[in-house]
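Engineer: Just passing along the structure, written as structure tokens.
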Amino acid sequence: MKERILGIDTGTNSLGWAIVEKSEEGCQLLEKGTNIFAEGVKK
């Protein structure tokens, strides 16, 4: 049976994500991406 895993990495100005499919044969990266945001607060 195949299992899909969603990984999320949140930062102060970015959001990263990846979808991995895990099966008896091993793991395979299906999709990945990053969104970078403009600075929300200026000092």
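Labels for the structure tokens follow display order: chains A, B, ..., residues from 1 in each chain, ligands from 1.
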For Val20 (chain A), find every residue with an atom within 7 Å (counting only C-alpha atoms), except residues of its own chain fewer than 6 positions away, and show them as a PyMOL selection string.

Structural biologist: chain A and resi 4-6+27-30

Engineer: If we count only C-alpha atoms, what is near Glu3 (chain A) at a cut-off of 9 Å, once residues fewer than 6 positions away on the same chain are taken out, given as JSON, numbers by chain?

Structural biologist: {"A": [20, 21, 22, 23]}

Engineer: Please produce an output containing C-alpha atoms for each residue in the selection, written as a compact mmCIF listing (two decimals), in the first residue's frame.

Structural biologist:
# COMPACT_ATOMS: atom_id res chain seq x y z
CA VAL A 20 6.49 12.21 -0.67
CA GLU A 21 5.03 8.84 -1.62
CA LYS A 22 6.15 5.99 0.65
CA SER A 23 5.74 2.36 -0.41

Engineer: Could you pull the residues within 8 Å of region 8-14 of chain A, counting only C-alpha atoms, minus those fewer than 4 positions along the same chain, as JSON, numbers by chain?

Structural biologist: {"A": [18, 34, 35, 36, 37, 38, 39]}

Engineer: How about saving the chosen residues, N, CA, C and O atoms kept, as a tab-separated table (two decimals), in the first residue's frame?

Structural biologist:
chain	number	residue	atom	x	y	z
A	18	ALA	N	6.47	19.81	0.52
A	18	ALA	CA	6.86	18.67	-0.31
A	18	ALA	C	5.86	17.54	-0.09
A	18	ALA	O	5.32	17.38	1.00
A	34	THR	N	8.15	26.28	-2.97
A	34	THR	CA	8.46	27.31	-1.97
A	34	THR	C	7.74	28.59	-2.35
A	34	THR	O	7.69	28.96	-3.52
A	35	ASN	N	7.17	29.25	-1.37
A	35	ASN	CA	6.58	30.58	-1.54
A	35	ASN	C	7.34	31.53	-0.63
A	35	ASN	O	7.48	31.27	0.57
A	36	ILE	N	7.82	32.63	-1.19
A	36	ILE	CA	8.55	33.63	-0.43
A	36	ILE	C	7.70	34.90	-0.38
A	36	ILE	O	7.22	35.37	-1.41
A	37	PHE	N	7.51	35.40	0.83
A	37	PHE	CA	6.64	36.56	1.04
A	37	PHE	C	7.50	37.81	1.27
A	37	PHE	O	8.60	37.73	1.79
A	38	ALA	N	6.91	38.94	0.92
A	38	ALA	CA	7.57	40.22	1.21
A	38	ALA	C	7.57	40.43	2.73
A	38	ALA	O	6.74	39.89	3.45
A	39	GLU	N	8.50	41.23	3.18
A	39	GLU	CA	8.60	41.53	4.61
A	39	GLU	C	7.30	42.19	5.09
A	39	GLU	O	6.84	43.17	4.52

Engineer: Could you go through chain A and tell me which residues DSSP, when run on the backbone, assigns to strand (DSSP E), listing them as a list in words?

Structural biologist: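 Reading the DSSP output for chain A, strand (DSSP E) covers Glu3, Arg4, Ile5, Leu6, Gly7, Ile8, Asp9, Thr10, Ser14, Leu15, Gly16, Trp17, Ala18, Ile19, Val20, Glu21, Lys22, Ser23, Gly26, Cys27, Gln28, Leu29, Leu30, Glu31, Lys32, Gly33, Thr34, Asn35 and Ile36 of chain A.
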